[in-house]
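I have placed the structure first, in the form of structure tokens, so that the comments after it can refer back to it.
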Amino acid sequence: MARMSNDDLLMEDDLAAAFLGEDEVAPAPKAEEAPIDEEEVSVAEEEPAEEEWESADDFPGQLAVDVYETADKLVVKARTAGISKSDLEVSISDNILTISGVLSGGEDEATTRWHIQECYWGEFSRTIALPVPVREDEDSVKAELKDGVLTITFEKEKTQKQKIIQVQ
């Protein structure tokens, strides 16, 4: 995801207000106290310098998922539009699910300048601790890629009902 390099930055006064009490923050000068410098005004009206975009490599690809359960199954769905089956890897170990892959197709070598870059292209990975115990054998897990949605269905591990133990 592309992002301006100063999106989350606070101004110096905002930082001071956030960390100091209101009594400790120096008040801003009043308009009549500070004379207006014509040179500063003309500089402020000039076109701002072009801001640098942070590289897409600075932000790992995110994979949005939905996780829900039915009476006997746990289902994980992920939007994977534009990803082929051969570029996806799904694995599970100790109730930890990992979905990773590569989304290619966003590169054009003739590009000289980006105006908007919102689509993520490249490697991605998502690891999820499953909320309930599931069976991990091949016969109990089904993964299907259809219409840009990866659906992974697990059989839930059968658990015994809670037993009450008498304290003596």
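Every chain in the structure tokens takes a letter, A first, then B, and so on in the order presented; its residues are numbered from 1, and the ligands are numbered from 1 following the presented order.
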| said: List the spatial neighbours of Glu136 (chain A) as a PyMOL selection string - criterion: any atom at most 12 Å away, only C-alpha atoms, same-chain residues fewer than 2 positions off excluded. | reply: chain A and resi 74+91-97+130+133-134+138-142+152-157
How would the residues just chosen look if you wrote them out with C-alpha atoms as a compact mmCIF listing (two decimals), in the first residue's frame?
# COMPACT_ATOMS: atom_id res chain seq x y z
CA LEU A 74 -13.84 -23.83 10.98
CA SER A 91 0.27 -24.57 5.44
CA ILE A 92 -0.79 -25.47 8.97
CA SER A 93 1.23 -26.56 11.96
CA ASP A 94 0.20 -26.66 15.63
CA ASN A 95 -3.08 -24.85 14.88
CA ILE A 96 -1.22 -21.98 13.14
CA LEU A 97 -2.36 -21.30 9.56
CA LEU A 130 -6.81 -20.57 14.71
CA PRO A 133 -8.48 -26.83 17.68
CA VAL A 134 -8.78 -28.34 14.19
CA GLU A 138 -5.07 -34.07 4.65
CA ASP A 139 -8.51 -35.70 4.68
CA SER A 140 -9.87 -33.12 7.17
CA VAL A 141 -8.77 -29.94 5.38
CA LYS A 142 -10.12 -28.58 2.10
CA ILE A 152 -10.04 -23.19 3.61
CA THR A 153 -12.33 -25.50 5.57
CA PHE A 154 -11.12 -27.46 8.60
CA GLU A 155 -12.90 -30.13 10.58
CA LYS A 156 -12.95 -29.08 14.21
CA GLU A 157 -11.23 -31.36 16.68
Quick one: contact table of region 118-161 of chain A to region 98-103 of chain A, 7 Å max, nearest atom pair and distance in Å to one decimal per residue, counting only C-alpha atoms, chain and number order, as CSV?
residue,atom,partner,partner_atom,distance
A:Trp121,CA,A:Leu103,CA,5.2
A:Gly122,CA,A:Leu103,CA,5.0
A:Glu123,CA,A:Val102,CA,4.3
A:Phe124,CA,A:Ser100,CA,5.5
A:Ser125,CA,A:Ser100,CA,4.1
A:Arg126,CA,A:Ile99,CA,5.3
A:Thr127,CA,A:Thr98,CA,4.3
A:Ile128,CA,A:Thr98,CA,6.4
Can you write just those residues out, N, CA and C atoms, as a compact mmCIF listing (two decimals), in the first residue's frame?
# COMPACT_ATOMS: atom_id res chain seq x y z
N TRP A 121 1.46 -5.18 -5.18
CA TRP A 121 2.02 -6.19 -6.06
C TRP A 121 3.26 -6.74 -5.38
N GLY A 122 3.38 -8.04 -5.34
CA GLY A 122 4.57 -8.64 -4.75
C GLY A 122 4.21 -9.74 -3.77
N GLU A 123 5.18 -10.06 -2.93
CA GLU A 123 4.98 -11.15 -1.97
C GLU A 123 4.09 -10.71 -0.81
N PHE A 124 3.32 -11.65 -0.29
CA PHE A 124 2.50 -11.39 0.88
C PHE A 124 2.49 -12.64 1.74
N SER A 125 2.16 -12.47 3.00
CA SER A 125 2.06 -13.60 3.91
C SER A 125 1.14 -13.21 5.06
N ARG A 126 0.34 -14.15 5.50
CA ARG A 126 -0.56 -13.92 6.64
C ARG A 126 -0.54 -15.17 7.50
N THR A 127 -0.27 -15.00 8.79
CA THR A 127 -0.25 -16.11 9.73
C THR A 127 -1.35 -15.87 10.75
N ILE A 128 -2.15 -16.91 10.99
CA ILE A 128 -3.30 -16.79 11.88
C ILE A 128 -3.28 -17.93 12.88
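In this model, the gap between CA of Val90 (chain A) and CA of Gly105 (chain A) comes to 21.2 Å.
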| Residue nearest Lys85 (chain A) - candidates A:Glu144, A:Asp108, A:Glu118, A:Asp66, atoms counted: only C-alpha atoms | A:Glu144
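Compared by their closest atoms to Tyr120 (chain A), and using only C-alpha atoms, the residues A:Gln62, A:Thr159, A:Thr151, A:Thr70 rank with A:Gln62 nearest.
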| query | In region 54-148 of chain A, what's strand (DSSP E or B) per DSSP? Answer as a PyMOL selection string? | reply | chain A and resi 61+65-69+73-79+88-93+96-103+122-129+134+141-146
Write to file, as a short mmCIF file (atom, residue, chain, number, x, y, z; two decimals), in the first residue's frame, the residues of the selection just made, with N, CA and C atoms.
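Result went into again00.cif, see below:
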data_model
loop_
_atom_site.label_atom_id
_atom_site.label_comp_id
_atom_site.auth_asym_id
_atom_site.auth_seq_id
_atom_site.Cartn_x
_atom_site.Cartn_y
_atom_site.Cartn_z
N GLY A 61 2.72 -6.82 2.17
CA GLY A 61 1.38 -7.00 1.66
C GLY A 61 0.45 -7.57 2.72
N VAL A 65 -8.75 -11.44 5.74
CA VAL A 65 -9.36 -12.76 5.96
C VAL A 65 -10.62 -12.64 6.80
N ASP A 66 -11.50 -13.61 6.63
CA ASP A 66 -12.66 -13.82 7.49
C ASP A 66 -12.49 -15.21 8.09
N VAL A 67 -12.73 -15.34 9.39
CA VAL A 67 -12.63 -16.63 10.06
C VAL A 67 -13.93 -16.83 10.83
N TYR A 68 -14.63 -17.95 10.55
CA TYR A 68 -15.87 -18.24 11.27
C TYR A 68 -16.01 -19.74 11.43
N GLU A 69 -16.94 -20.13 12.30
CA GLU A 69 -17.13 -21.56 12.51
C GLU A 69 -18.60 -21.93 12.43
N LYS A 73 -17.25 -27.30 11.69
CA LYS A 73 -16.17 -26.84 10.81
C LYS A 73 -15.68 -25.45 11.23
N LEU A 74 -14.41 -25.17 10.87
CA LEU A 74 -13.84 -23.83 10.98
C LEU A 74 -13.50 -23.42 9.56
N VAL A 75 -13.91 -22.21 9.17
CA VAL A 75 -13.74 -21.75 7.80
C VAL A 75 -12.92 -20.46 7.79
N VAL A 76 -11.93 -20.42 6.90
CA VAL A 76 -11.11 -19.21 6.69
C VAL A 76 -11.29 -18.82 5.23
N LYS A 77 -11.70 -17.57 5.00
CA LYS A 77 -11.84 -17.06 3.63
C LYS A 77 -10.91 -15.88 3.47
N ALA A 78 -10.26 -15.81 2.30
CA ALA A 78 -9.34 -14.71 2.00
C ALA A 78 -9.57 -14.23 0.58
N ARG A 79 -9.58 -12.91 0.41
CA ARG A 79 -9.70 -12.35 -0.93
C ARG A 79 -8.35 -12.48 -1.63
N LEU A 88 0.13 -19.56 -4.77
CA LEU A 88 -0.36 -19.61 -3.39
C LEU A 88 0.26 -20.77 -2.63
N GLU A 89 0.56 -20.55 -1.36
CA GLU A 89 1.03 -21.63 -0.49
C GLU A 89 0.24 -21.54 0.81
N VAL A 90 -0.36 -22.66 1.19
CA VAL A 90 -1.15 -22.73 2.42
C VAL A 90 -0.56 -23.85 3.27
N SER A 91 -0.27 -23.54 4.55
CA SER A 91 0.27 -24.57 5.44
C SER A 91 -0.31 -24.39 6.83
N ILE A 92 -0.33 -25.51 7.58
CA ILE A 92 -0.79 -25.47 8.97
C ILE A 92 0.12 -26.33 9.81
N SER A 93 0.41 -25.82 11.01
CA SER A 93 1.23 -26.56 11.96
C SER A 93 0.87 -26.07 13.36
N ILE A 96 -1.63 -23.26 13.71
CA ILE A 96 -1.22 -21.98 13.14
C ILE A 96 -1.31 -22.11 11.62
N LEU A 97 -2.16 -21.29 11.01
CA LEU A 97 -2.36 -21.30 9.56
C LEU A 97 -1.52 -20.20 8.93
N THR A 98 -0.80 -20.53 7.84
CA THR A 98 -0.04 -19.54 7.10
C THR A 98 -0.47 -19.59 5.64
N ILE A 99 -0.83 -18.42 5.12
CA ILE A 99 -1.18 -18.27 3.71
C ILE A 99 -0.18 -17.28 3.14
N SER A 100 0.53 -17.70 2.09
CA SER A 100 1.51 -16.79 1.48
C SER A 100 1.47 -16.97 -0.02
N GLY A 101 2.07 -16.02 -0.71
CA GLY A 101 2.09 -16.11 -2.16
C GLY A 101 2.70 -14.88 -2.79
N VAL A 102 2.48 -14.77 -4.10
CA VAL A 102 3.00 -13.65 -4.87
C VAL A 102 1.89 -13.15 -5.78
N LEU A 103 1.67 -11.84 -5.73
CA LEU A 103 0.72 -11.20 -6.64
C LEU A 103 1.54 -10.44 -7.66
N GLY A 122 3.38 -8.04 -5.34
CA GLY A 122 4.57 -8.64 -4.75
C GLY A 122 4.21 -9.74 -3.77
N GLU A 123 5.18 -10.06 -2.93
CA GLU A 123 4.98 -11.15 -1.97
C GLU A 123 4.09 -10.71 -0.81
N PHE A 124 3.32 -11.65 -0.29
CA PHE A 124 2.50 -11.39 0.88
C PHE A 124 2.49 -12.64 1.74
N SER A 125 2.16 -12.47 3.00
CA SER A 125 2.06 -13.60 3.91
C SER A 125 1.14 -13.21 5.06
N ARG A 126 0.34 -14.15 5.50
CA ARG A 126 -0.56 -13.92 6.64
C ARG A 126 -0.54 -15.17 7.50
N THR A 127 -0.27 -15.00 8.79
CA THR A 127 -0.25 -16.11 9.73
C THR A 127 -1.35 -15.87 10.75
N ILE A 128 -2.15 -16.91 10.99
CA ILE A 128 -3.30 -16.79 11.88
C ILE A 128 -3.28 -17.93 12.88
N ALA A 129 -3.39 -17.60 14.16
CA ALA A 129 -3.58 -18.63 15.19
C ALA A 129 -5.07 -18.97 15.17
N VAL A 134 -8.29 -27.72 15.43
CA VAL A 134 -8.78 -28.34 14.19
C VAL A 134 -7.95 -29.57 13.88
N VAL A 141 -8.95 -31.33 5.80
CA VAL A 141 -8.77 -29.94 5.38
C VAL A 141 -9.06 -29.84 3.89
N LYS A 142 -9.81 -28.80 3.51
CA LYS A 142 -10.12 -28.58 2.10
C LYS A 142 -9.81 -27.13 1.77
N ALA A 143 -9.03 -26.89 0.71
CA ALA A 143 -8.72 -25.54 0.25
C ALA A 143 -9.20 -25.40 -1.20
N GLU A 144 -9.96 -24.32 -1.44
CA GLU A 144 -10.53 -24.11 -2.77
C GLU A 144 -10.36 -22.65 -3.16
N LEU A 145 -9.90 -22.42 -4.40
CA LEU A 145 -9.77 -21.07 -4.94
C LEU A 145 -10.82 -20.91 -6.03
N LYS A 146 -11.78 -20.02 -5.78
CA LYS A 146 -12.87 -19.84 -6.75
C LYS A 146 -13.27 -18.37 -6.78
#
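Proximity to Cys119 (chain A) was assessed for A:Asp87, A:Ala81, A:Val149, A:Val132 counting only C-alpha atoms; the smallest distance is recorded for A:Ala81.
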